[in-house]
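Comments concern the structure below.
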Amino acid sequence: MKKHIPIPAAKVAAGKVRLSQLSVSENKIYWLESRPEDKGRTGIKCWSQNRIIDLLPKDFSCHSKVHEYGGGAYCIVNGDAFFVNAKDQQVYVLVEGQSPRQLTLKPDQRYADIAYCGNWNALIAVCEDHDPVSTFGETKIEGEPDNYLVAIDCETGHVEPIVKGADFYSSPRVSPDGEKLLWLDWNHPNMPWDHSKLWIADIQEKYELDNPERIAGNEVEAVVQPEWFGENIRFNTDRSGWWNVYEFSAETGSTIQLYSDEKEYARAPWVFGLSNYASLDDGRMIGFTESNGEHQLYLLDPVAQTKKNLLPQFNNVESIVAAGNDVYLIAGSAASNQSVWFYDITSEKLTALSSIPDSEFVISRAQSISFPTSHEQMAHANLYLPDSVSSDLPPLMVKCHGGPSGVALKGLDWKIQFWTSRGFAVLDVNYRGSTGFGREYRNSLYGHWGEYDVDDCLAGIEYLIERKLVDPEKIVITGGSAGGYTVLRSLIVSNLFAAGTSYYGVADLKTLVGDDHKFESRYLETCIAPLATHPERYDELSPINHIDQINNPMLFFQGLKDRVVPPHQTTSVVAALKKKGNRVELVEFPEEAHGFRRAESIIRSLETEYGFYREVFGN
């Protein structure tokens with residue numbers, strides 16, 4: 001019997017285990033596993049012969065800080081694990097039965113997206129170099145790190161730059177025969193989901209590349225997840241308006257679209273090492289689409305031009321890889337956490353490789369809604385109704401995802417269930433700018449961040465009020481990072497809300513331009529406008545300049561190690577609201593960065609937020 005009781009915050013923290021970066025090597029399955037109860041430490045898990053072990057000693061954690069968001073932090077080579085250690089951002093090698101050995105010795109350099117080059121016996125990786133003196137003897141942009149591709153000798157740890165010149169790099173992939181290297185690059189002010197280019201070059205003598213050639217990507221398309229398929233290259237590009245899979249022929253030099261579909265076969269690459277699809281030996285592909293807030297697994301046959309939907313119980317897929325025709329995936333459902341699975345294509349048998357404990361609580365499942373919004377457009381959201389039956393209309397929590405080019409997914413989110421189990425309806429908004437709805441929808445927020453996202457949140461509220469689904473007197477709004485900015489902007493332009501909560505949200509756009517890390521340092525040029533030519537837009541859209549229009553009680557949470565949205569973004573607006581006389585509370589977490597990873601932080605923030613709303617509502 002499922003329990004109709006409030007889900008404890010401790011259960012939310014326990015359920016926030018994150019699995020990522022699945023890989024297969026020599027009949028062993030590897031993945032990363034981050035656990036809040038272990039202070040957010042990320043271990044490298046290995047499944048072999050029906051047994052799971054954590055390869056890393058407890059004082060090591062596998063996590064890259066390149067672009068601040070990381071990803072691609074380990075690589076298995078002949079049974080040895082090469083990984084980025086979270087504490088010092090250096091690459092270590094772990095040989096079975098031995099302690100990790102530090103390989104790189106450059107404290108100002110960070111590494112990510114690690115691959116292996118057998119011809120050089122070296123790792124190929126993205127390097128983010130924070131040394132104030134340029135590695136290439138060139139003038140650096142003040143305060144901005146260099147980014148380039150490097151080769152790291154697997155024996156000596158020597159680091160050699162091999163590709164430079166662009167502002168950003170990702171996805172170095174060595175061909176099966178070891179003769180060629182491909183990679184992606186892009187330049188300011190673009191993000192990798194705006195514009196990127198796919199390159200290929202010949203691997204020559206040690207640390208030398210020759211004949212670089214651009215084979216895809218330009219100023220109107222973004223390439224994602226290039227992979228080798230024999231001598232050919234498969235990749236996602238949104239040149240049709242949707243991320244679909246294409247194949248470049250090494251023999252003819254031509255590119256064909258493997259399957260045309262108005263669905264997204266990729267996700268926005270906020271982190272390195274994403275795996276949205278995998279090719280089988282027979283040429284078919286297995287992967288997942290991201291559409292309307294959920295994932296759908298598919299088996300695609302490019303020759304027969306058929307697509308078969310698979311495993312409909314999964315709507316939240318993190319990673320998928322193939323070894324021959326064996327398929328492994330990290331996937332979860334609307335009612336269960338993500339787990340590691342083996343799927344036999346021939347027999348269609350699904351086997352769990354990691355634990356999948358059944359939830360003892362009643363789970364509220366999302367329903368997709370779409371509604372008219374400003375400028376005669378449509379917006380989308382996931383609506384969760386409370387699991388309890390009451391004659392009263394429920395209070396509404398409006399949830400704003402980050403990014404802003406993020407997405408609200410329908411997979412099990414224990415934080416949302418925390419609220420629905422306490423009688424809240426939750427509107428998780430996929431406002432304009434969200435991914436999973438095509439390039440046009442994704443780009444529609446550009447130039448209007450702080451406006452269209454707010455319009456869509458307000459339109460969603462009105463949609464629910466008109467249908468008498470929520471209590472119009474008990475509406476709160478919450479969000480983190482870019483979502484925290486949407487919270488502040490919403491409170492400025494609307495009086496619909498009883499209260500708002502900002503998790504490490506943006507308050508001052510002008511100072512963010514100077515403070516932000518390199519990856520997003522010019523993101524605002526597309527989200528709003530170039531600061532040099534449109535300073536008035538930054539003044540107009542910065543919440544810190546409109547404190548007089550915020551009259552609601554507000555709660556703020558901030559990690560003091562946050563480099564993405566520095567703490568002063570929060571403390572400045574808190575000080576201004578207090579000076580004005582508003583009711584405002586601030587909770588700071590000294591050991592947290594951008595996004596809370598520790599169990600105690602997750603528990604404290606949830607319990608504080610719930611207590612705050614109870615006081616605001618007077619019950």
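FYI, nothing fancy with the structure tokens labels: chains A, B, ... in order, residues from 1 per chain, ligands from 1 as they appear.
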Proximity of stretch 373-482 of chain A to stretch 7-30 of chain A: per-residue shortest pair, 10 Å limit, only C-alpha atoms, as a tab-separated table:
```
residue	atom	partner	partner_atom	distance
A:Leu412	CA	A:Gly15	CA	9.4
A:Asp413	CA	A:Lys16	CA	8.3
A:Trp414	CA	A:Val12	CA	5.1
A:Lys415	CA	A:Val12	CA	6.0
A:Ile416	CA	A:Val12	CA	9.2
A:Gln417	CA	A:Ile7	CA	7.2
A:Phe418	CA	A:Ile7	CA	5.3
A:Trp419	CA	A:Ile7	CA	8.3
A:Thr420	CA	A:Ile7	CA	9.0
A:Ser421	CA	A:Ile7	CA	6.1
A:Arg422	CA	A:Ile7	CA	7.9
```
Writing out the chosen residues with all heavy atoms as a short mmCIF file (atom, residue, chain, number, x, y, z; two decimals), in the first residue's frame:
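Final file, again-v3.cif:
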```cif
data_model
loop_
_atom_site.label_atom_id
_atom_site.label_comp_id
_atom_site.auth_asym_id
_atom_site.auth_seq_id
_atom_site.Cartn_x
_atom_site.Cartn_y
_atom_site.Cartn_z
N LEU A 412 10.95 11.30 -12.54
CA LEU A 412 10.74 11.45 -11.11
C LEU A 412 11.67 12.51 -10.52
O LEU A 412 12.89 12.39 -10.60
CB LEU A 412 10.96 10.11 -10.41
CG LEU A 412 10.82 10.11 -8.88
CD1 LEU A 412 9.43 10.57 -8.46
CD2 LEU A 412 11.14 8.73 -8.32
N ASP A 413 11.09 13.53 -9.94
CA ASP A 413 11.83 14.60 -9.27
C ASP A 413 11.32 14.64 -7.84
O ASP A 413 10.19 15.08 -7.58
CB ASP A 413 11.59 15.94 -9.98
CG ASP A 413 12.41 17.07 -9.38
OD1 ASP A 413 12.70 17.03 -8.18
OD2 ASP A 413 12.75 18.02 -10.12
N TRP A 414 12.14 14.19 -6.91
CA TRP A 414 11.69 14.08 -5.52
C TRP A 414 11.39 15.44 -4.90
O TRP A 414 10.58 15.54 -3.98
CB TRP A 414 12.73 13.34 -4.69
CG TRP A 414 12.70 11.86 -4.93
CD1 TRP A 414 13.58 11.12 -5.64
CD2 TRP A 414 11.69 10.96 -4.47
NE1 TRP A 414 13.20 9.79 -5.65
CE2 TRP A 414 12.04 9.67 -4.94
CE3 TRP A 414 10.52 11.09 -3.72
CZ2 TRP A 414 11.28 8.54 -4.67
CZ3 TRP A 414 9.75 9.97 -3.45
CH2 TRP A 414 10.13 8.72 -3.92
N LYS A 415 12.02 16.49 -5.41
CA LYS A 415 11.69 17.82 -4.88
C LYS A 415 10.25 18.20 -5.23
O LYS A 415 9.52 18.76 -4.40
CB LYS A 415 12.66 18.87 -5.44
CG LYS A 415 14.03 18.85 -4.78
CD LYS A 415 14.85 20.04 -5.23
CE LYS A 415 16.18 20.09 -4.48
NZ LYS A 415 16.99 21.26 -4.88
N ILE A 416 9.83 17.91 -6.44
CA ILE A 416 8.44 18.18 -6.83
C ILE A 416 7.50 17.33 -5.99
O ILE A 416 6.46 17.82 -5.51
CB ILE A 416 8.24 17.94 -8.33
CG1 ILE A 416 8.96 19.03 -9.14
CG2 ILE A 416 6.75 17.90 -8.69
CD1 ILE A 416 8.89 18.85 -10.63
N GLN A 417 7.84 16.07 -5.78
CA GLN A 417 6.99 15.19 -4.99
C GLN A 417 6.90 15.64 -3.53
O GLN A 417 5.89 15.44 -2.87
CB GLN A 417 7.50 13.75 -5.07
CG GLN A 417 7.57 13.19 -6.48
CD GLN A 417 6.24 13.22 -7.20
OE1 GLN A 417 5.19 12.96 -6.61
NE2 GLN A 417 6.28 13.55 -8.50
N PHE A 418 7.97 16.26 -3.03
CA PHE A 418 7.94 16.85 -1.69
C PHE A 418 6.77 17.82 -1.57
O PHE A 418 6.04 17.84 -0.57
CB PHE A 418 9.27 17.56 -1.43
CG PHE A 418 9.35 18.30 -0.12
CD1 PHE A 418 9.79 17.67 1.03
CD2 PHE A 418 9.00 19.65 -0.04
CE1 PHE A 418 9.89 18.36 2.24
CE2 PHE A 418 9.09 20.34 1.16
CZ PHE A 418 9.53 19.69 2.30
N TRP A 419 6.58 18.63 -2.63
CA TRP A 419 5.52 19.65 -2.59
C TRP A 419 4.14 19.07 -2.86
O TRP A 419 3.17 19.42 -2.18
CB TRP A 419 5.84 20.77 -3.58
CG TRP A 419 7.10 21.49 -3.21
CD1 TRP A 419 8.31 21.42 -3.84
CD2 TRP A 419 7.30 22.35 -2.09
NE1 TRP A 419 9.24 22.19 -3.19
CE2 TRP A 419 8.65 22.77 -2.11
CE3 TRP A 419 6.47 22.82 -1.07
CZ2 TRP A 419 9.19 23.63 -1.16
CZ3 TRP A 419 6.99 23.68 -0.11
CH2 TRP A 419 8.33 24.07 -0.17
N THR A 420 4.02 18.18 -3.83
CA THR A 420 2.69 17.61 -4.11
C THR A 420 2.20 16.77 -2.95
O THR A 420 1.00 16.72 -2.69
CB THR A 420 2.72 16.76 -5.40
OG1 THR A 420 3.70 15.72 -5.28
CG2 THR A 420 3.03 17.62 -6.61
N SER A 421 3.11 16.13 -2.23
CA SER A 421 2.70 15.34 -1.07
C SER A 421 2.25 16.22 0.09
O SER A 421 1.67 15.73 1.05
CB SER A 421 3.83 14.40 -0.62
OG SER A 421 4.90 15.12 -0.02
N ARG A 422 2.51 17.52 0.00
CA ARG A 422 2.05 18.48 1.01
C ARG A 422 0.88 19.32 0.50
O ARG A 422 0.58 20.37 1.06
CB ARG A 422 3.22 19.36 1.44
CG ARG A 422 4.18 18.66 2.38
CD ARG A 422 5.53 19.34 2.49
NE ARG A 422 6.33 18.67 3.52
CZ ARG A 422 6.93 17.49 3.35
NH1 ARG A 422 6.85 16.87 2.18
NH2 ARG A 422 7.61 16.94 4.33
#
```
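Residue-level DSSP output for stretch 229-431 of chain A, from the backbone, shows alpha helix (DSSP H) at Trp414, Lys415, Ile416, Gln417, Phe418, Trp419 and Thr420 of chain A.
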inquiry  = My list of candidates is A:Pro394, A:Gly241, A:Gly97, A:Pro553. Which is closest to A:Lys578 when distances are computed with only C-alpha atoms?
reply    =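 Residue with the minimum atom-to-atom distance to A:Lys578: A:Pro553.
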inquiry  = Give me the residues near A:Asn552 as a PyMOL selection string, where near means some atom within 8 Å (using only C-alpha atoms) and where sequence neighbours in that chain fewer than 5 positions away do not count.
reply    = chain A and resi 491+497-500+582-583
inquiry  = So that I can see what lies close to A:Leu560, please list as a VMD selection string the residues with an atom at most 6 Å from it, counting only C-alpha atoms and leaving out residues fewer than 2 positions away in the same chain.
reply    = chain A and resid 562 567 589 to 590
Saved selection, atoms kept: N, CA, C and O atoms, as a PDB file, in the first residue's frame:
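After the write, out32.pdb holds the following:
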```pdb
ATOM      1  N   ASP A 562      29.929  29.536  -5.161  1.00  0.00           N
ATOM      2  CA  ASP A 562      29.319  29.608  -6.487  1.00  0.00           C
ATOM      3  C   ASP A 562      30.126  30.524  -7.397  1.00  0.00           C
ATOM      4  O   ASP A 562      30.309  31.704  -7.106  1.00  0.00           O
ATOM      5  N   PRO A 567      28.023  34.987  -5.056  1.00  0.00           N
ATOM      6  CA  PRO A 567      27.153  35.305  -3.908  1.00  0.00           C
ATOM      7  C   PRO A 567      26.666  36.744  -3.846  1.00  0.00           C
ATOM      8  O   PRO A 567      25.567  37.001  -3.356  1.00  0.00           O
ATOM      9  N   PHE A 589      25.169  28.685   2.294  1.00  0.00           N
ATOM     10  CA  PHE A 589      25.793  27.375   2.467  1.00  0.00           C
ATOM     11  C   PHE A 589      27.281  27.498   2.105  1.00  0.00           C
ATOM     12  O   PHE A 589      27.627  27.560   0.921  1.00  0.00           O
ATOM     13  N   PRO A 590      28.155  27.543   3.104  1.00  0.00           N
ATOM     14  CA  PRO A 590      29.585  27.799   2.856  1.00  0.00           C
ATOM     15  C   PRO A 590      30.264  26.778   1.942  1.00  0.00           C
ATOM     16  O   PRO A 590      31.198  27.127   1.222  1.00  0.00           O
TER      17      PRO A 590
END
```
request  = Give me the residues within 9 Å of A:Lys180 as a list of chain:residue names, counting only C-alpha atoms and dropping any in the same chain fewer than 4 places off.
outcome  =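 Near neighbours after the sequence-gap exclusion: A:Arg173, A:Val174, A:Ser175, A:Pro176, A:Ile200, A:Ala201, A:Asp202, A:Ile203, A:Gln204, A:Leu209.
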Now that the selection is made, can you save its residues with N, CA, C and O atoms as a CSV table (one decimal), in the first residue's frame?
```
chain,number,residue,atom,x,y,z
A,173,ARG,N,37.3,12.9,-30.4
A,173,ARG,CA,37.0,11.4,-30.6
A,173,ARG,C,38.0,10.9,-31.6
A,173,ARG,O,38.1,11.4,-32.7
A,174,VAL,N,38.7,9.8,-31.2
A,174,VAL,CA,39.7,9.1,-32.1
A,174,VAL,C,39.0,8.0,-32.9
A,174,VAL,O,38.2,7.3,-32.3
A,175,SER,N,39.4,7.9,-34.2
A,175,SER,CA,38.8,6.9,-35.0
A,175,SER,C,39.2,5.5,-34.6
A,175,SER,O,40.2,5.3,-33.9
A,176,PRO,N,38.4,4.5,-34.9
A,176,PRO,CA,38.7,3.1,-34.5
A,176,PRO,C,40.1,2.6,-34.9
A,176,PRO,O,40.7,1.9,-34.2
A,200,ILE,N,37.7,17.4,-38.6
A,200,ILE,CA,38.4,16.2,-38.7
A,200,ILE,C,39.9,16.4,-39.1
A,200,ILE,O,40.1,17.4,-39.9
A,201,ALA,N,40.8,15.7,-38.5
A,201,ALA,CA,42.2,15.8,-38.9
A,201,ALA,C,42.9,14.5,-38.8
A,201,ALA,O,42.5,13.6,-38.2
A,202,ASP,N,44.1,14.4,-39.6
A,202,ASP,CA,44.9,13.2,-39.5
A,202,ASP,C,45.8,13.2,-38.3
A,202,ASP,O,46.5,14.2,-38.1
A,203,ILE,N,45.9,12.1,-37.7
A,203,ILE,CA,46.8,11.9,-36.6
A,203,ILE,C,48.2,11.5,-37.1
A,203,ILE,O,48.3,10.5,-37.8
A,204,GLN,N,49.2,12.3,-36.9
A,204,GLN,CA,50.5,12.1,-37.5
A,204,GLN,C,51.5,11.6,-36.4
A,204,GLN,O,51.1,10.8,-35.5
A,209,LEU,N,49.0,16.9,-35.7
A,209,LEU,CA,47.8,16.7,-36.5
A,209,LEU,C,48.0,17.4,-37.9
A,209,LEU,O,48.7,18.4,-38.0
```
query = Counting only C-alpha atoms, what is within 12 Å of A:Ser355, bar same-chain residues fewer than 3 positions away, as number ranges by chain?
reply = A: 17, 19, 47, 50-52, 330, 332, 336-341, 351-352, 358
Residues from last step as file, all heavy atoms, as a tab-separated table (two decimals), in the first residue's frame:
```tsv
chain	number	residue	atom	x	y	z
A	17	VAL	N	20.41	10.89	-5.84
A	17	VAL	CA	21.59	10.23	-6.40
A	17	VAL	C	21.60	10.45	-7.91
A	17	VAL	O	20.59	10.24	-8.58
A	17	VAL	CB	21.56	8.72	-6.08
A	17	VAL	CG1	22.70	8.01	-6.78
A	17	VAL	CG2	21.62	8.49	-4.58
A	19	LEU	N	23.24	9.51	-11.58
A	19	LEU	CA	24.04	8.60	-12.40
A	19	LEU	C	24.33	9.27	-13.74
A	19	LEU	O	23.47	9.94	-14.31
A	19	LEU	CB	23.28	7.29	-12.64
A	19	LEU	CG	22.64	6.61	-11.43
A	19	LEU	CD1	21.94	5.32	-11.85
A	19	LEU	CD2	23.67	6.34	-10.35
A	47	TRP	N	30.35	-2.39	-12.84
A	47	TRP	CA	29.56	-3.62	-12.76
A	47	TRP	C	30.31	-4.71	-13.51
A	47	TRP	O	30.67	-4.56	-14.68
A	47	TRP	CB	28.19	-3.42	-13.39
A	47	TRP	CG	27.28	-4.63	-13.32
A	47	TRP	CD1	26.34	-4.90	-12.38
A	47	TRP	CD2	27.23	-5.72	-14.25
A	47	TRP	NE1	25.71	-6.09	-12.65
A	47	TRP	CE2	26.24	-6.62	-13.80
A	47	TRP	CE3	27.95	-6.03	-15.41
A	47	TRP	CZ2	25.94	-7.80	-14.47
A	47	TRP	CZ3	27.65	-7.22	-16.08
A	47	TRP	CH2	26.65	-8.08	-15.61
A	50	ASN	N	27.96	-9.54	-12.02
A	50	ASN	CA	26.85	-9.34	-11.08
A	50	ASN	C	27.28	-8.68	-9.76
A	50	ASN	O	26.61	-8.84	-8.74
A	50	ASN	CB	26.15	-10.67	-10.78
A	50	ASN	CG	25.48	-11.23	-12.01
A	50	ASN	OD1	24.81	-10.52	-12.75
A	50	ASN	ND2	25.67	-12.53	-12.25
A	51	ARG	N	28.36	-7.93	-9.81
A	51	ARG	CA	28.82	-7.25	-8.60
A	51	ARG	C	29.16	-5.80	-8.96
A	51	ARG	O	29.73	-5.54	-10.02
A	51	ARG	CB	30.04	-7.96	-8.03
A	51	ARG	CG	30.47	-7.48	-6.65
A	51	ARG	CD	31.46	-8.47	-6.06
A	51	ARG	NE	32.75	-8.40	-6.75
A	51	ARG	CZ	33.82	-7.73	-6.30
A	51	ARG	NH1	33.73	-7.05	-5.17
A	51	ARG	NH2	34.93	-7.72	-6.97
A	52	ILE	N	28.82	-4.85	-8.06
A	52	ILE	CA	29.11	-3.44	-8.28
A	52	ILE	C	30.12	-2.99	-7.23
A	52	ILE	O	29.93	-3.21	-6.03
A	52	ILE	CB	27.84	-2.58	-8.19
A	52	ILE	CG1	26.84	-2.98	-9.27
A	52	ILE	CG2	28.19	-1.10	-8.31
A	52	ILE	CD1	25.52	-2.26	-9.17
A	330	ILE	N	21.21	4.37	-18.86
A	330	ILE	CA	20.78	4.93	-17.58
A	330	ILE	C	19.42	5.56	-17.84
A	330	ILE	O	19.30	6.47	-18.65
A	330	ILE	CB	21.76	5.98	-17.05
A	330	ILE	CG1	23.12	5.35	-16.75
A	330	ILE	CG2	21.20	6.65	-15.79
A	330	ILE	CD1	24.20	6.37	-16.39
A	332	GLY	N	15.14	6.22	-16.15
A	332	GLY	CA	14.16	6.18	-15.07
A	332	GLY	C	12.78	6.50	-15.61
A	332	GLY	O	12.61	6.84	-16.78
A	336	SER	N	10.06	6.18	-10.74
A	336	SER	CA	11.24	5.49	-10.22
A	336	SER	C	12.49	6.25	-10.60
A	336	SER	O	12.57	6.90	-11.64
A	336	SER	CB	11.31	4.06	-10.76
A	336	SER	OG	11.48	4.07	-12.17
A	337	ASN	N	13.50	6.14	-9.73
A	337	ASN	CA	14.78	6.79	-9.98
A	337	ASN	C	15.47	6.17	-11.19
A	337	ASN	O	15.19	5.03	-11.57
A	337	ASN	CB	15.70	6.64	-8.77
A	337	ASN	CG	15.24	7.46	-7.59
A	337	ASN	OD1	14.63	8.50	-7.76
A	337	ASN	ND2	15.52	6.99	-6.38
A	338	GLN	N	16.41	6.91	-11.75
A	338	GLN	CA	17.22	6.36	-12.82
A	338	GLN	C	18.10	5.22	-12.29
A	338	GLN	O	18.61	5.28	-11.17
A	338	GLN	CB	18.11	7.44	-13.43
A	338	GLN	CG	17.35	8.46	-14.26
A	338	GLN	CD	18.28	9.46	-14.92
A	338	GLN	OE1	19.35	9.74	-14.42
A	338	GLN	NE2	17.86	10.03	-16.04
A	339	SER	N	18.24	4.18	-13.12
A	339	SER	CA	19.09	3.03	-12.81
A	339	SER	C	19.85	2.65	-14.05
A	339	SER	O	19.59	3.15	-15.15
A	339	SER	CB	18.24	1.85	-12.31
A	339	SER	OG	17.52	2.19	-11.14
A	340	VAL	N	20.80	1.74	-13.90
A	340	VAL	CA	21.58	1.23	-15.03
A	340	VAL	C	20.92	-0.07	-15.51
A	340	VAL	O	20.61	-0.96	-14.72
A	340	VAL	CB	23.04	0.96	-14.63
A	340	VAL	CG1	23.83	0.44	-15.83
A	340	VAL	CG2	23.68	2.23	-14.09
A	341	TRP	N	20.72	-0.16	-16.85
A	341	TRP	CA	20.00	-1.27	-17.44
A	341	TRP	C	20.77	-1.88	-18.60
A	341	TRP	O	21.52	-1.18	-19.29
A	341	TRP	CB	18.64	-0.81	-17.98
A	341	TRP	CG	17.74	-0.17	-16.97
A	341	TRP	CD1	17.73	1.14	-16.60
A	341	TRP	CD2	16.71	-0.81	-16.21
A	341	TRP	NE1	16.76	1.37	-15.65
A	341	TRP	CE2	16.12	0.18	-15.39
A	341	TRP	CE3	16.23	-2.12	-16.14
A	341	TRP	CZ2	15.07	-0.09	-14.53
A	341	TRP	CZ3	15.19	-2.39	-15.27
A	341	TRP	CH2	14.62	-1.39	-14.47
A	351	THR	N	17.19	-5.92	-18.28
A	351	THR	CA	17.75	-6.39	-17.01
A	351	THR	C	18.35	-5.22	-16.25
A	351	THR	O	19.12	-4.44	-16.80
A	351	THR	CB	18.85	-7.43	-17.25
A	351	THR	OG1	18.33	-8.50	-18.04
A	351	THR	CG2	19.38	-7.99	-15.93
A	352	ALA	N	17.99	-5.10	-14.98
A	352	ALA	CA	18.54	-4.03	-14.14
A	352	ALA	C	19.92	-4.43	-13.65
A	352	ALA	O	20.11	-5.54	-13.14
A	352	ALA	CB	17.62	-3.76	-12.96
A	358	ASP	N	11.67	0.33	-4.99
A	358	ASP	CA	10.32	0.81	-5.26
A	358	ASP	C	9.97	1.91	-4.27
A	358	ASP	O	10.31	1.83	-3.08
A	358	ASP	CB	9.32	-0.35	-5.16
A	358	ASP	CG	7.92	0.07	-5.58
A	358	ASP	OD1	7.81	0.87	-6.51
A	358	ASP	OD2	6.95	-0.40	-4.96
```
request  = Quick one: everything within 9 Å of A:Ala222, counting only C-alpha atoms, minus sequence neighbours fewer than 2 positions away in the same chain. Send it as a PyMOL selection string.
outcome  = chain A and resi 192-197+216-220+224+236-239+243
Nearest residue to A:Tyr169 from the set A:Ala125, A:Leu586, A:Ala151, A:Ala593 (distances using only C-alpha atoms) =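 Looking at the shortest contact to A:Tyr169, the residue is A:Ala125.
For the residues A:Asp539, A:Gln89, A:Phe371, A:Ala532, ranking by smallest atom-to-atom distance to A:Cys457 using only C-alpha atoms places A:Phe371 first.
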task = Using DSSP on the backbone coordinates, identify the residues of stretch 342-499 of chain A assigned to strand (DSSP E or B); present them as a PyMOL selection string.
result = chain A and resi 342-344+349-352+361+367-373+377-384+396-400+425-430+475-480+499
task = Have a look at atom CA of A:Gly460 and atom CA of A:Ile369 and let me know their distance in Å, one decimal.
result = 8.8 Å
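What separates atom CA of A:Leu149 from atom CA of A:Pro161 is a distance of 5.9 Å.
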inquiry  = So, with only C-alpha atoms as the atoms that count, which of A:Thr435, A:Asn292, A:Ser333, A:Gln102 lies closest to A:Asn382?
reply    =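 Among the listed residues, the smallest separation from A:Asn382 belongs to A:Asn292.
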request  = Measuring atom to atom with only C-alpha atoms, identify which of A:Gly230, A:Gln558, A:Gly70, A:His63 is nearest to A:Tyr92.
outcome  =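 The answer is A:His63, which sits nearest to A:Tyr92.
From atom CA of A:Val587 back to atom CA of A:Tyr538, the distance works out to 27.1 Å.
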